[in-house]
>>> print(open('run01.cif').read())   # mmCIF, C-alpha atoms and all ligand atoms
data_query
loop_
_atom_site.label_atom_id
_atom_site.label_comp_id
_atom_site.auth_asym_id
_atom_site.auth_seq_id
_atom_site.Cartn_x
_atom_site.Cartn_y
_atom_site.Cartn_z
CA MET C 7 0.00 0.00 0.00
CA THR C 8 1.39 3.48 -0.84
CA PRO C 9 1.96 5.58 2.28
CA PRO C 10 -0.51 8.44 2.82
CA ARG C 11 0.50 11.92 1.65
CA HIS C 12 0.78 13.91 4.87
CA PHE C 13 1.04 17.72 4.86
CA ILE C 14 2.79 18.40 8.15
CA ASP C 15 5.80 20.62 7.48
CA LEU C 16 6.95 22.43 4.35
CA TRP C 17 10.59 21.40 4.85
CA LYS C 18 9.63 17.75 4.43
CA LEU C 19 7.76 18.30 1.18
CA ASP C 20 9.03 18.37 -2.36
CA ALA C 21 9.45 21.89 -3.79
CA ALA C 22 7.91 20.84 -7.12
CA ASP C 23 4.84 19.46 -5.31
CA LEU C 24 4.47 22.69 -3.31
CA LYS C 25 4.73 24.83 -6.45
CA ALA C 26 2.20 22.55 -8.18
CA MET C 27 -0.20 23.14 -5.26
CA LEU C 28 0.19 26.91 -5.66
CA THR C 29 -0.50 26.69 -9.41
CA ASP C 30 -3.56 24.52 -8.76
CA ALA C 31 -4.79 27.02 -6.17
CA ARG C 32 -4.41 29.95 -8.57
CA LEU C 33 -6.20 28.15 -11.43
CA ARG C 34 -8.91 26.63 -9.22
CA LYS C 35 -9.64 30.06 -7.73
CA ALA C 36 -9.87 31.66 -11.19
CA ALA C 37 -12.12 28.89 -12.52
CA ARG C 38 -14.82 29.56 -9.90
CA LYS C 39 -14.78 33.36 -10.04
CA GLY C 40 -18.32 34.67 -9.54
CA TRP C 41 -19.69 31.33 -8.34
CA GLY C 42 -21.64 30.86 -5.11
CA GLN C 43 -19.46 29.65 -2.24
CA ALA C 44 -21.17 26.26 -2.03
CA LYS C 45 -20.87 25.36 -5.71
CA VAL C 46 -18.59 22.36 -6.30
CA ASP C 47 -15.52 22.66 -8.59
CA ALA C 48 -16.01 21.04 -12.01
CA ASP C 49 -13.53 18.21 -11.34
CA ALA C 50 -14.83 17.56 -7.78
CA PRO C 51 -11.54 15.97 -6.62
CA ALA C 52 -12.92 15.09 -3.18
CA ASP C 53 -16.10 13.49 -4.50
CA GLY C 54 -17.05 10.65 -2.16
CA ARG C 55 -14.46 11.62 0.45
CA THR C 56 -14.72 12.85 4.03
CA LEU C 57 -12.33 15.14 5.92
CA ALA C 58 -12.21 15.09 9.73
CA MET C 59 -11.15 18.37 11.38
CA ILE C 60 -9.97 18.30 15.00
CA TYR C 61 -9.30 21.42 17.07
CA GLU C 62 -7.34 21.55 20.31
CA LYS C 63 -7.15 25.36 20.05
CA ASN C 64 -9.43 28.15 18.91
CA SER C 65 -9.77 28.99 15.22
CA THR C 66 -11.81 31.13 12.87
CA ARG C 67 -9.97 31.08 9.52
CA THR C 68 -8.67 27.51 9.61
CA ARG C 69 -12.00 26.20 10.79
CA PHE C 70 -14.19 27.89 8.21
CA SER C 71 -11.73 27.64 5.32
CA PHE C 72 -11.18 23.88 5.68
CA ASP C 73 -14.91 23.27 5.97
CA ALA C 74 -15.61 25.45 2.91
CA ALA C 75 -12.67 23.86 1.05
CA ILE C 76 -13.79 20.25 1.41
CA ARG C 77 -17.33 21.21 0.32
CA GLN C 78 -16.06 23.09 -2.75
CA LEU C 79 -14.05 20.00 -3.70
CA GLY C 80 -17.21 17.89 -3.58
CA GLY C 81 -16.45 16.13 -0.30
CA ALA C 82 -17.90 16.15 3.21
CA GLY C 83 -16.45 17.35 6.53
CA ILE C 84 -16.79 16.41 10.19
CA ILE C 85 -15.55 18.96 12.76
CA SER C 86 -14.87 18.36 16.45
CA THR C 87 -12.93 19.99 19.22
CA ALA C 88 -10.46 17.61 20.86
CA ALA C 89 -12.13 18.34 24.21
CA ASP C 90 -15.38 16.82 22.94
CA MET C 91 -13.60 13.64 21.85
CA GLN C 92 -12.25 10.84 24.04
CA LEU C 93 -8.86 12.40 23.22
CA GLY C 94 -9.85 15.03 25.76
CA ARG C 95 -10.21 12.24 28.38
CA GLY C 96 -6.84 10.69 27.62
CA GLU C 97 -7.49 8.21 24.78
CA PRO C 98 -4.07 7.78 23.13
CA ILE C 99 -3.60 9.88 19.99
CA GLN C 100 -2.40 6.82 18.04
CA ASP C 101 -5.60 4.91 18.88
CA THR C 102 -7.65 7.91 17.77
CA ALA C 103 -5.72 7.99 14.49
CA LYS C 104 -6.36 4.28 13.86
CA VAL C 105 -10.09 4.67 14.50
CA LEU C 106 -10.51 7.77 12.33
CA SER C 107 -8.53 6.10 9.53
CA ARG C 108 -11.42 3.60 9.28
CA MET C 109 -14.04 6.36 9.07
CA VAL C 110 -12.67 9.28 7.04
CA ASP C 111 -10.32 9.85 4.09
CA ALA C 112 -8.12 12.58 5.62
CA VAL C 113 -7.65 14.36 8.95
CA MET C 114 -6.78 18.01 9.60
CA ILE C 115 -5.62 18.61 13.14
CA ARG C 116 -4.80 21.81 15.07
CA ALA C 117 -2.81 20.68 18.08
CA ASN C 118 -1.06 22.16 21.08
CA LYS C 119 1.99 19.97 20.63
CA HIS C 120 3.61 19.37 17.27
CA GLU C 121 4.71 15.89 18.43
CA ASP C 122 1.04 14.90 18.69
CA VAL C 123 0.48 15.62 14.99
CA GLU C 124 3.57 13.55 14.16
CA LEU C 125 2.30 10.69 16.35
CA PHE C 126 -1.14 10.93 14.79
CA ALA C 127 0.35 10.77 11.29
CA GLN C 128 2.58 7.79 12.13
CA ALA C 129 -0.47 5.79 13.22
CA SER C 130 -2.80 7.04 10.49
CA SER C 131 -3.42 5.25 7.21
CA VAL C 132 -5.03 8.38 5.71
CA PRO C 133 -3.38 11.77 5.01
CA VAL C 134 -2.89 14.09 7.98
CA ILE C 135 -2.74 17.88 7.60
CA ASN C 136 -1.18 20.22 10.16
CA GLY C 137 -3.68 23.01 10.87
CA LEU C 138 -1.21 24.79 13.25
CA THR C 139 0.88 23.57 16.13
CA ASP C 140 3.24 25.26 18.57
CA ARG C 141 5.97 24.71 15.98
CA SER C 142 4.52 25.44 12.54
CA HIS C 143 1.59 26.56 10.38
CA PRO C 144 2.29 25.33 6.84
CA CYS C 145 -1.24 25.90 5.42
CA GLN C 146 -0.97 29.58 6.33
CA ILE C 147 2.27 30.05 4.43
CA LEU C 148 0.89 28.43 1.28
CA ALA C 149 -2.01 30.92 1.38
CA ASP C 150 0.43 33.77 2.04
CA LEU C 151 2.60 32.87 -0.94
CA LEU C 152 -0.48 32.54 -3.16
CA THR C 153 -1.51 36.03 -2.05
CA PHE C 154 1.94 37.52 -2.54
CA GLU C 155 2.24 36.08 -6.05
CA GLU C 156 -1.21 37.38 -7.05
CA HIS C 157 -0.01 40.91 -6.34
CA ARG C 158 3.76 40.84 -6.84
CA GLY C 159 4.50 37.92 -9.20
CA SER C 160 6.84 35.02 -8.44
CA VAL C 161 8.23 35.06 -4.90
CA GLU C 162 11.50 33.53 -6.11
CA GLY C 163 14.32 36.03 -5.57
CA LYS C 164 12.09 38.41 -3.58
CA THR C 165 12.67 39.51 0.01
CA ILE C 166 10.18 38.91 2.80
CA ALA C 167 10.69 40.72 6.11
CA TRP C 168 9.30 38.91 9.15
CA ILE C 169 8.87 41.26 12.10
CA GLY C 170 8.06 39.80 15.53
CA ASP C 171 7.81 36.42 17.20
CA GLY C 172 10.04 33.69 15.77
CA ASN C 173 7.55 30.94 16.64
CA ASN C 174 5.17 28.79 14.56
CA VAL C 175 4.20 31.02 11.60
CA CYS C 176 7.75 32.35 11.28
CA ALA C 177 9.05 28.76 11.36
CA SER C 178 6.95 27.82 8.35
CA PHE C 179 8.31 30.86 6.49
CA ILE C 180 11.82 29.61 7.29
CA HIS C 181 10.85 26.19 5.90
CA ALA C 182 9.37 27.84 2.79
CA SER C 183 12.37 30.08 2.04
CA ALA C 184 14.47 27.21 0.70
CA LYS C 185 11.59 25.59 -1.18
CA PHE C 186 10.45 28.76 -2.96
CA GLY C 187 13.79 30.58 -3.24
CA PHE C 188 12.99 33.82 -1.45
CA LYS C 189 15.16 35.72 1.02
CA LEU C 190 13.77 35.94 4.54
CA ASN C 191 14.88 38.72 6.88
CA ILE C 192 13.73 38.02 10.43
CA ALA C 193 13.70 40.78 13.07
CA CYS C 194 12.82 39.57 16.55
CA PRO C 195 13.93 40.08 20.16
CA PRO C 196 16.74 37.57 20.83
CA VAL C 197 14.75 35.82 23.55
CA TYR C 198 11.92 34.99 21.09
CA HIS C 199 14.17 33.90 18.21
CA PRO C 200 13.27 31.03 15.87
CA ASP C 201 14.15 27.41 16.52
CA LEU C 202 17.85 26.84 15.78
CA VAL C 203 17.14 23.49 14.16
CA ASP C 204 14.82 25.22 11.66
CA LEU C 205 17.52 27.79 10.87
CA ALA C 206 20.21 25.13 10.46
CA ARG C 207 17.99 23.05 8.20
CA ALA C 208 17.13 26.08 6.06
CA ALA C 209 20.85 26.75 5.62
CA GLU C 210 21.40 23.11 4.58
CA GLN C 211 18.58 23.41 2.04
CA GLN C 212 20.12 26.64 0.61
CA GLY C 213 17.52 28.87 2.26
CA ARG C 214 18.62 32.50 2.61
CA VAL C 215 17.55 33.52 6.11
CA GLU C 216 19.04 36.55 7.89
CA MET C 217 18.47 37.32 11.56
CA THR C 218 18.54 40.73 13.23
CA ASP C 219 17.05 42.46 16.27
CA ASP C 220 16.54 45.65 14.24
CA PRO C 221 13.18 45.81 12.41
CA ARG C 222 14.40 48.75 10.31
CA ALA C 223 17.30 46.72 8.92
CA ALA C 224 15.00 43.78 8.18
CA VAL C 225 12.44 45.74 6.15
CA GLU C 226 14.90 47.81 4.14
CA GLY C 227 14.02 47.26 0.47
CA ALA C 228 11.77 44.27 1.30
CA ASP C 229 8.95 43.23 -1.05
CA CYS C 230 6.72 42.06 1.77
CA VAL C 231 6.46 42.95 5.44
CA ILE C 232 4.72 40.40 7.61
CA THR C 233 4.01 40.04 11.28
CA ASP C 234 1.98 37.99 13.76
CA THR C 235 0.53 38.38 17.22
CA TRP C 236 2.99 38.97 20.05
CA VAL C 237 1.14 36.54 22.31
CA SER C 238 0.26 33.24 20.68
CA MET C 239 -2.30 30.72 21.86
CA GLY C 240 -0.81 28.91 24.84
CA ASP C 241 1.73 31.65 25.74
CA THR C 242 1.59 32.63 29.40
CA ASP C 243 4.31 35.34 29.60
CA HIS C 244 1.92 38.06 28.40
CA GLU C 245 3.49 41.08 30.12
CA GLU C 246 7.08 40.13 29.25
CA ARG C 247 6.10 39.69 25.62
CA LEU C 248 4.35 43.05 25.30
CA GLU C 249 7.47 44.71 26.67
CA ALA C 250 9.97 42.77 24.54
CA PHE C 251 8.03 43.25 21.30
CA GLU C 252 7.22 46.94 21.71
CA PRO C 253 10.01 48.09 19.32
CA PHE C 254 8.74 45.60 16.72
CA GLN C 255 5.41 47.24 15.89
CA VAL C 256 4.68 47.57 12.15
CA ASP C 257 3.66 51.16 11.56
CA GLU C 258 3.73 53.52 8.59
CA ARG C 259 7.29 54.66 9.31
CA LEU C 260 8.54 51.09 9.20
CA MET C 261 6.55 50.33 6.01
CA ALA C 262 8.11 53.40 4.37
CA LEU C 263 11.55 51.75 4.59
CA ALA C 264 10.42 48.78 2.51
CA ASP C 265 10.25 48.73 -1.30
CA LYS C 266 7.67 51.22 -2.65
CA ALA C 267 5.59 48.34 -4.01
CA ALA C 268 5.88 46.32 -0.79
CA VAL C 269 2.81 44.57 0.56
CA PHE C 270 1.79 43.96 4.16
CA MET C 271 0.47 40.63 5.39
CA HIS C 272 -0.67 39.13 8.68
CA CYS C 273 -2.11 35.65 9.25
CA LEU C 274 -4.71 37.13 11.65
CA PRO C 275 -6.13 37.42 14.22
CA ALA C 276 -4.41 40.82 14.56
CA HIS C 277 -4.05 42.77 17.77
CA ARG C 278 -4.41 46.27 16.40
CA GLY C 279 -2.24 48.76 18.24
CA GLU C 280 0.20 46.01 19.26
CA GLU C 281 2.06 44.26 16.41
CA VAL C 282 0.40 46.46 13.76
CA VAL C 283 -1.33 49.82 13.65
CA ASP C 284 -4.71 50.46 11.96
CA GLU C 285 -3.11 52.66 9.29
CA VAL C 286 -1.09 49.68 8.02
CA MET C 287 -3.77 46.98 8.53
CA ASP C 288 -6.34 49.07 6.66
CA GLY C 289 -3.86 50.86 4.39
CA PRO C 290 -3.27 50.49 0.64
CA GLN C 291 -0.38 48.04 1.02
CA SER C 292 -2.37 45.60 3.16
CA LEU C 293 -3.41 42.25 1.64
CA VAL C 294 -4.80 40.76 4.83
CA TRP C 295 -8.34 40.08 3.55
CA ASP C 296 -7.14 38.44 0.31
CA GLU C 297 -4.74 36.45 2.48
CA ALA C 298 -7.58 35.23 4.71
CA GLU C 299 -9.72 34.28 1.68
CA ASN C 300 -6.80 32.46 0.12
CA ARG C 301 -6.76 30.00 2.99
CA ILE C 302 -9.68 28.31 1.23
CA HIS C 303 -8.01 28.22 -2.19
CA ALA C 304 -4.61 27.07 -0.96
CA GLN C 305 -6.08 24.36 1.27
CA LYS C 306 -8.23 22.99 -1.54
CA SER C 307 -5.00 22.31 -3.42
CA VAL C 308 -3.41 20.75 -0.34
CA LEU C 309 -6.45 18.46 0.00
CA ALA C 310 -6.43 17.60 -3.72
CA TRP C 311 -2.72 16.73 -3.45
CA CYS C 312 -3.29 14.64 -0.31
CA PHE C 313 -6.04 12.71 -2.13
CA GLY C 314 -3.71 12.08 -5.08
CA ALA C 315 -6.04 13.94 -7.44
CA GLU C 316 -4.75 15.47 -10.66
CA LEU C 317 -3.80 19.08 -9.98
CA MET C 318 -4.71 21.86 -12.42
CA LYS C 319 -1.76 22.91 -14.64
N1 LIG O 401 -4.54 32.44 10.68
C1 LIG O 401 -5.22 31.46 11.31
O1 LIG O 401 -4.83 30.29 11.32
O2 LIG O 401 -6.37 31.89 11.90
P1 LIG O 401 -7.29 31.07 12.89
O3 LIG O 401 -6.54 30.90 14.17
O4 LIG O 401 -8.52 31.91 13.04
O5 LIG O 401 -7.58 29.73 12.26
N1 LIG O 402 1.14 32.54 16.26
C1 LIG O 402 -0.30 32.51 16.38
C2 LIG O 402 -0.93 32.20 15.06
C3 LIG O 402 -2.42 32.17 15.05
C4 LIG O 402 -2.99 31.82 13.72
C5 LIG O 402 -0.70 31.48 17.43
O1 LIG O 402 -0.10 30.41 17.47
O2 LIG O 402 -1.60 31.77 18.22
#
>>> encode(input="run01.cif", output="structure tokens")
Amino acid sequence: MTPPRHFIDLWKLDAADLKAMLTDARLRKAARKGWGQAKVDADAPADGRTLAMIYEKNSTRTRFSFDAAIRQLGGAGIISTAADMQLGRGEPIQDTAKVLSRMVDAVMIRANKHEDVELFAQASSVPVINGLTDRSHPCQILADLLTFEEHRGSVEGKTIAWIGDGNNVCASFIHASAKFGFKLNIACPPVYHPDLVDLARAAEQQGRVEMTDDPRAAVEGADCVITDTWVSMGDTDHEERLEAFEPFQVDERLMALADKAAVFMHCLPAHRGEEVVDEVMDGPQSLVWDEAENRIHAQKSVLAWCFGAELMK
């Protein structure tokens, strides 16, 4: 039996497959322009298939976009919080994976601990998709790159400036830098720097990642400025974080140092007045609403790839 196609971390995936997913997303989105949200794509690549979606943490975008995505692909979805499952009462994650493998065709899981997604995938005979963990958020970055390329063309050779926490979303940008050939400038307080293993791996894979604690140096000439909340789900050092990240706010003065055609992105939810000011969030360079919508389009292509369907070329 061929092993299931898991979508857990970008660094583990083939660059050609990732680029094929982005192409599929762009074409699939264009093909349904003007359609009602519930209309099924002509090729219905998930026809007859069911996706389970499990949430250990809160979600708006991931939750609604995966549910909309599986419907638009012609499949069905089942959503549950982990707390409502026996998982929440201590049933082993591997046993849960074995049971769900007999009932659904793929599983998307948002988990507190990255290791749990890995354990789930090892025990699962159907594809497993990472819907965010403490360590990464690969679906988000695929949507972000789709959005960037819609507005600024190929990301290859461009510069993305990441301003703020070096945790999960930043980690997936590090993973993506080698796969898509963009330069990543990361500005963060040293205490909240990215995982050193991620940085070392990016270097091995010819990723161009530069670290600084100066946001002005990071954004200079950048084609995209991107940030994330200063306090992620599960973080408890709220006060320390607000203090450490204060110099890392994305405001109009910082944006002015980037390339004139630079765009601003944020995975959302945003904490206006903290990591970003209203003038940037709602300003002419902001792509945040396209970025949120593109979660649906990018994830449809991830699902189609996981199911082994033919991607649009
Ligand atoms: N960006 C993102 O994953 O949003 P949610 O937490 O609302 O799913
Ligand atoms: N870094 C944030 C991303 C939310 C989509 C968090 O983990 O809470």
>>> residues_near_ligand(input="run01.cif", ligand="ligand LIG 402 (chain O)", cutoff="12 Å", atoms="only C-alpha atoms and all ligand atoms", output="JSON, numbers by chain")
{"C": [62, 63, 64, 65, 66, 67, 68, 69, 116, 117, 118, 119, 120, 137, 138, 139, 140, 141, 142, 143, 144, 145, 146, 147, 170, 171, 172, 173, 174, 175, 176, 177, 178, 233, 234, 235, 236, 237, 238, 239, 240, 241, 242, 272, 273, 274, 275, 276, 277, 281, 298, 301]}
>>> residues_around(input="run01.cif", residues="C:Glu316", least_positions_apart="2", cutoff="10 Å", atoms="all atoms listed in the file", output="MDAnalysis selection string")
chainID C and resid 30 49 51 307 310:311 313:314 318:319
>>> atom_distance(input="run01.cif", atom1="atom CA of C:Thr56", atom2="atom CA of C:Gly83")
5.4 Å
>>> closest_residue(input="run01.cif", among="C:Leu205, C:Ala31, C:Val231, C:Ala52", to="C:Leu263", atoms="all atoms listed in the file")
C:Val231
>>> atom_distance(input="run01.cif", atom1="atom CA of C:Glu280", atom2="atom CA of C:Glu245")
12.4 Å
>>> atom_distance(input="run01.cif", atom1="atom CA of C:Lys185", atom2="atom CA of C:Gln305")
17.9 Å
>>> residues_around(input="run01.cif", residues="C:Val308", least_positions_apart="6", cutoff="10 Å", atoms="all atoms listed in the file", output="short mmCIF file (atom, residue, chain, number, x, y, z; two decimals) with C-alpha atoms, in the coordinates of the input")
data_model
loop_
_atom_site.label_atom_id
_atom_site.label_comp_id
_atom_site.auth_asym_id
_atom_site.auth_seq_id
_atom_site.Cartn_x
_atom_site.Cartn_y
_atom_site.Cartn_z
CA ARG C 11 0.50 11.92 1.65
CA HIS C 12 0.78 13.91 4.87
CA PHE C 13 1.04 17.72 4.86
CA ASP C 23 4.84 19.46 -5.31
CA LEU C 24 4.47 22.69 -3.31
CA ALA C 26 2.20 22.55 -8.18
CA MET C 27 -0.20 23.14 -5.26
CA LEU C 28 0.19 26.91 -5.66
CA ASP C 30 -3.56 24.52 -8.76
CA ALA C 31 -4.79 27.02 -6.17
CA ALA C 75 -12.67 23.86 1.05
CA ILE C 135 -2.74 17.88 7.60
CA CYS C 145 -1.24 25.90 5.42
CA LEU C 148 0.89 28.43 1.28
CA ILE C 302 -9.68 28.31 1.23
CA GLY C 314 -3.71 12.08 -5.08
CA LEU C 317 -3.80 19.08 -9.98
#
>>> residues_around(input="run01.cif", residues="C:Val282", least_positions_apart="5", cutoff="7 Å", atoms="only C-alpha atoms", output="PDB file with C-alpha atoms, keeping the file's coordinate frame")
ATOM      1  CA  GLN C 255       5.410  47.240  15.890  1.00  0.00           C
ATOM      2  CA  VAL C 256       4.680  47.570  12.150  1.00  0.00           C
ATOM      3  CA  ASP C 257       3.660  51.160  11.560  1.00  0.00           C
ATOM      4  CA  MET C 287      -3.770  46.980   8.530  1.00  0.00           C
TER       5      MET C 287
END
>>> axis_aligned_box(input="run01.cif", around="ligand LIG 401 (chain O)", padding_each_side="8 Å", output="lines of an AutoDock Vina configuration file")
center_x = -6.5
center_y = 31.1
center_z = 12.4
size_x = 20.0
size_y = 18.7
size_z = 19.5
>>> closest_residue(input="run01.cif", among="C:Pro253, C:Ala22, C:Gln211, C:Met59", to="ligand LIG 401 (chain O)", atoms="all atoms listed in the file")
C:Met59
>>> closest_residue(input="run01.cif", among="C:Ser71, C:Asn191, C:Ser130, C:Thr87", to="ligand LIG 401 (chain O)", atoms="all atoms listed in the file")
C:Ser71
>>> residues_around(input="run01.cif", residues="C:Gly227", least_positions_apart="5", cutoff="10 Å", atoms="only C-alpha atoms", output="ChimeraX atom specification")
/C:164-167,222,261-268
>>> residues_around(input="run01.cif", residues="C:Ser86", least_positions_apart="5", cutoff="10 Å", atoms="all atoms listed in the file", output="number ranges by chain")
C: 58-62, 91, 115
>>> closest_residue(input="run01.cif", among="C:Asp284, C:Glu210, C:Asp229, C:Glu297", to="C:Gly163", atoms="only C-alpha atoms")
C:Asp229
>>> closest_residue(input="run01.cif", among="C:Ala182, C:Asp53, C:Leu152, C:Ser292", to="C:Leu33", atoms="all atoms listed in the file")
C:Leu152
>>> closest_residue(input="run01.cif", among="C:Ala149, C:Asp122, C:Met109, C:Val197", to="ligand LIG 401 (chain O)", atoms="only C-alpha atoms and all ligand atoms")
C:Ala149
>>> residues_near_point(input="run01.cif", point="(-5.7, 15.9, 7.3)", cutoff="6 Å", atoms="all atoms listed in the file", output="NGL selection string")
:C and (112-114 or 133-135)
